[in-house]
Structure formats: C-alpha cells, structure tokens
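Student: File entry-v9.csv follows (CSV, C-alpha atoms):
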```csv
chain,number,residue,atom,x,y,z
Y,1,MET,CA,7.0,-2.5,22.2
Y,2,PHE,CA,7.3,-3.4,18.5
Y,3,ARG,CA,4.8,-6.3,18.9
Y,4,ILE,CA,2.4,-3.9,20.7
Y,5,LEU,CA,2.6,-1.4,17.8
Y,6,SER,CA,2.1,-4.2,15.3
Y,7,PHE,CA,-0.9,-5.5,17.1
Y,8,CYS,CA,-2.4,-2.0,17.4
Y,9,PHE,CA,-1.9,-1.4,13.6
Y,10,LEU,CA,-3.5,-4.7,12.9
Y,11,VAL,CA,-6.5,-4.1,15.2
Y,12,LEU,CA,-7.0,-0.6,13.8
Y,13,ALA,CA,-6.7,-1.7,10.2
Y,14,ALA,CA,-8.8,-4.9,10.3
Y,15,PRO,CA,-12.3,-5.0,11.9
Y,16,VAL,CA,-13.1,-8.6,12.9
Y,17,SER,CA,-16.2,-9.0,10.8
Y,18,ALA,CA,-14.9,-7.3,7.6
Y,19,ASP,CA,-13.0,-8.8,4.8
Y,20,VAL,CA,-12.0,-5.4,3.2
Y,21,TRP,CA,-10.3,-2.6,5.1
Y,22,THR,CA,-8.2,0.5,4.4
Y,23,PHE,CA,-5.2,2.3,5.7
Y,24,GLU,CA,-3.1,5.3,4.8
Y,25,THR,CA,0.2,6.9,5.8
Y,26,PRO,CA,0.0,10.0,8.1
Y,27,SER,CA,0.6,12.3,5.2
Y,28,GLU,CA,-2.6,10.9,3.5
Y,29,ASN,CA,-0.5,10.6,0.3
Y,30,ILE,CA,-0.4,6.8,0.2
Y,31,GLN,CA,-3.7,4.9,0.6
Y,32,CYS,CA,-4.3,1.2,0.6
Y,33,VAL,CA,-7.2,-1.2,0.4
Y,34,VAL,CA,-6.8,-4.8,1.6
Y,35,GLY,CA,-9.2,-7.6,0.6
Y,36,GLN,CA,-9.0,-10.9,2.4
Y,37,GLY,CA,-10.9,-14.0,1.3
Y,38,PRO,CA,-10.9,-17.6,2.5
Y,39,ASN,CA,-8.1,-18.6,0.2
Y,40,SER,CA,-6.3,-15.5,-0.9
Y,41,SER,CA,-5.8,-11.8,-0.2
Y,42,ASP,CA,-5.0,-8.7,-2.3
Y,43,LEU,CA,-3.5,-5.3,-1.5
Y,44,GLU,CA,-3.9,-2.2,-3.7
Y,45,CYS,CA,-2.1,1.0,-2.8
Y,46,ARG,CA,-2.1,4.3,-4.6
Y,47,ILE,CA,0.2,7.2,-4.2
Y,48,ILE,CA,-1.5,10.5,-4.9
Y,49,GLU,CA,1.5,12.9,-5.3
Y,50,ARG,CA,4.7,11.4,-6.7
Y,51,TYR,CA,7.8,12.7,-8.5
Y,52,GLY,CA,10.3,11.2,-10.9
Y,53,PRO,CA,9.8,8.3,-13.3
Y,54,PRO,CA,7.2,5.6,-12.7
Y,55,ALA,CA,8.4,2.3,-11.2
Y,56,LEU,CA,7.7,0.5,-14.5
Y,57,PRO,CA,7.4,1.8,-18.1
Y,58,ARG,CA,3.9,2.8,-19.3
Y,59,PRO,CA,2.3,0.1,-21.5
Y,60,ALA,CA,1.3,1.3,-25.0
Y,61,SER,CA,-2.3,0.3,-24.2
Y,62,CYS,CA,-2.5,2.7,-21.2
Y,63,ALA,CA,-4.4,5.9,-22.0
Y,64,SER,CA,-5.1,6.8,-18.3
Y,65,ASP,CA,-3.0,7.7,-15.3
Y,66,TRP,CA,0.1,5.6,-14.8
Y,67,GLY,CA,2.6,5.2,-11.9
Y,68,HIS,CA,0.2,5.8,-9.0
Y,69,SER,CA,-1.6,2.4,-8.4
Y,70,PHE,CA,0.1,-0.8,-7.3
Y,71,LEU,CA,-1.7,-4.2,-6.9
Y,72,MET,CA,-0.4,-7.5,-5.5
Y,73,TYR,CA,-1.8,-10.7,-4.2
Y,74,ASP,CA,-0.5,-12.7,-1.3
Y,75,THR,CA,1.7,-14.6,-3.8
Y,76,GLY,CA,3.1,-13.5,-7.2
Y,77,PRO,CA,4.6,-10.3,-8.6
Y,78,VAL,CA,3.3,-6.8,-8.2
Y,79,GLN,CA,1.2,-5.2,-11.0
Y,80,MET,CA,0.9,-1.5,-11.7
Y,81,LEU,CA,-2.6,-0.4,-12.8
Y,82,CYS,CA,-3.5,1.9,-15.6
Y,83,ALA,CA,-6.4,3.7,-13.8
Y,84,PRO,CA,-7.7,7.3,-13.2
Y,85,LEU,CA,-6.1,8.9,-10.2
Y,86,SER,CA,-8.4,10.0,-7.4
Y,87,HIS,CA,-7.2,12.9,-5.3
Y,88,ASN,CA,-9.6,12.2,-2.4
Y,89,ARG,CA,-7.8,12.1,0.9
Y,90,GLY,CA,-8.9,11.0,4.4
Y,91,GLY,CA,-11.5,8.4,5.5
Y,92,PHE,CA,-8.8,5.7,5.9
Y,93,ASP,CA,-7.4,4.2,9.1
Y,94,ARG,CA,-4.0,5.6,9.9
Y,95,ALA,CA,-0.8,3.5,9.7
Y,96,GLU,CA,1.4,5.7,11.9
Y,97,TYR,CA,5.1,6.0,11.0
Y,98,GLY,CA,7.3,3.3,12.6
Y,99,VAL,CA,4.5,0.7,12.6
Y,100,THR,CA,4.6,-2.7,10.9
Y,101,GLY,CA,1.4,-4.5,10.1
Y,102,GLN,CA,0.9,-8.1,9.0
Y,103,PHE,CA,-2.5,-9.1,7.5
Y,104,GLY,CA,-3.6,-11.6,4.9
Y,105,GLY,CA,-0.5,-12.5,3.0
Y,106,PHE,CA,1.2,-9.1,3.5
Y,107,THR,CA,3.6,-7.3,5.7
Y,108,CYS,CA,3.7,-3.5,5.4
Y,109,HIS,CA,6.0,-1.0,7.2
Y,110,SER,CA,5.1,2.7,7.4
Y,111,SER,CA,8.0,5.1,7.9
Y,112,ARG,CA,8.8,8.7,7.3
Y,113,LYS,CA,10.8,7.4,4.3
Y,114,GLY,CA,7.7,5.8,2.7
Y,115,LEU,CA,5.6,2.6,2.7
Y,116,ASP,CA,7.2,-0.8,2.1
Y,117,CYS,CA,4.9,-3.8,1.5
Y,118,ARG,CA,5.8,-7.4,0.7
Y,119,ASN,CA,3.8,-10.6,0.0
Y,120,LEU,CA,4.5,-14.2,1.0
Y,121,ASP,CA,6.8,-14.6,-2.0
Y,122,GLY,CA,8.9,-11.6,-1.1
Y,123,HIS,CA,7.5,-9.5,-4.0
Y,124,GLY,CA,6.5,-6.0,-3.1
Y,125,PHE,CA,6.8,-2.3,-3.6
Y,126,PHE,CA,8.2,0.8,-1.9
Y,127,LEU,CA,6.3,4.1,-2.3
Y,128,SER,CA,7.3,7.6,-1.4
Y,129,ARG,CA,6.9,10.9,-3.1
Y,130,ALA,CA,10.4,10.8,-4.5
Y,131,VAL,CA,10.8,7.0,-5.2
Y,132,GLN,CA,8.4,4.3,-6.3
Y,133,SER,CA,9.9,0.8,-6.8
Y,134,VAL,CA,8.7,-2.7,-7.5
Y,135,PHE,CA,10.6,-5.8,-6.5
```
Take the structure in this file and express it as structure tokens.
Tutor:
Amino acid sequence: MFRILSFCFLVLAAPVSADVWTFETPSENIQCVVGQGPNSSDLECRIIERYGPPALPRPASCASDWGHSFLMYDTGPVQMLCAPLSHNRGGFDRAEYGVTGQFGGFTCHSSRKGLDCRNLDGHGFFLSRAVQSVF
C-alpha cells in the first residue's frame, strides 16, 4: 500500500515531460516547487502561515520577509531565503497526508504534523505552522 501511495504522489507531482512541478499540503499552507535538471535538482518550499521564531536567525542584510521560504539542492545544506511572502493559495498538485514522494534528489513526507523533506546528504527541513526546523 505504501509503495502505491508513493507512486501515486510521484505521478501526480511530476508530469513526464516537465522538469518543474509543484505540490502543496492539503491545508494549502505549505507549497513547494521542484526543479529537476540533467545533473541536479532543487526544491523550494514556503510556509504561508507560521508561528514562533524562524528556524534560523534573520541576517542583517534581510529587509524582506524571513522564515517562510526554504531552498535546498539534491546535495548540501538548506538555505532560508529572504524574499517577499506571497499569500496565494491553490493551483498546486496535492500531497495528501500520509504520502511520501521521492523525486530528483529528495524525499518528502506529508503528514498532519507537517512536511518533512530531505536531500541525498540527509539535510532537510520540517515545516508546520507551529515549528519550522532546518537540519
């Protein structure tokens, strides 16, 4: 059953002819864009509504929204982006709760607790309204 759900998540999230696709959690609060090229892939996720302190301290050079956007490549550490926050919802493929998807160099698991994504090096992030963490 788990493999079937993973396959369904992968099929829904990744059209065969595209190298960029999107997905979101059922709450539409966490939205992700995946880019996959011939030699690398990247994943950018944003959380629209969040509470508590950001996962990393705001850099002095950041004069925009902080704590909402997370970027990682198939290898290497996660970066947080200093970028304006969009409150647009919808228009993304749905990653239902309980589903794990593998694509590019990433594995993401969507649950009622939040979204957990990791790259090939084991770096990643966990996003929920209450907690955002980078590891």
Student: Would you pick out the contacts of range 48-62 of chain Y at 9 Å or less, using all atoms listed in the file, so that residues sharing its chain but fewer than 5 positions from it are not included, and give the list as a list in words?
Tutor: Glu28, Asn29, Ile30, Gln31, Gly67, His68, Ser69, Met80, Leu81, Cys82, Ala83, Leu85, Ser86, His87, Asn88, Arg89, Leu127, Ser128, Arg129, Ala130, Val131, Gln132, Ser133 and Val134 of chain Y
Student: Residues within 6 Å of Gly105 in chain Y, please, as a list in words. Count only C-alpha atoms; anything in the same chain fewer than 6 positions from it doesn't count.
Tutor: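 Listed by chain and then number, they are Asp74, Asn119 and Leu120 of chain Y.
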Student: With all atoms listed in the file as the atoms that count, which of Y:Gln79, Y:Ser111, Y:Ser27, Y:Gln102 lies nearest to Phe125 in chain Y?
Tutor: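 Of Y:Gln79, Y:Ser111, Y:Ser27, Y:Gln102, the one nearest Phe125 in chain Y, counting all atoms listed in the file, is Y:Gln79.
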Student: Pick out the residues sitting within 10 Å of Phe106 in chain Y, and hand them over as a ChimeraX atom specification; count only C-alpha atoms, and ignore anything fewer than 3 positions along from it in its own chain.
Tutor: /Y:34,41-43,72-75,101-103,117-124
Student: Find the distance between CA of Lys113 in chain Y and CA of Pro26 in chain Y and write it in Å to one decimal.
Tutor: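 Distance reported for this atom pair: 11.7 Å.
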Student: What is the CA of Phe135 in chain Y-CA of Cys108 in chain Y distance in Å, reported with one decimal?
Tutor: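 The value is 13.9 Å.
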Student: May I ask for the distance between CA of Gly98 in chain Y and CA of Ser40 in chain Y, given in Å to one decimal place?
Tutor: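 Result for CA of Gly98 in chain Y versus CA of Ser40 in chain Y: 26.8 Å, one decimal.
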Student: Between Y:Arg46, Y:Val33, Y:Pro84, Y:Leu115, which is the closest to Val99 in chain Y once you count all atoms listed in the file?
Tutor: Y:Leu115
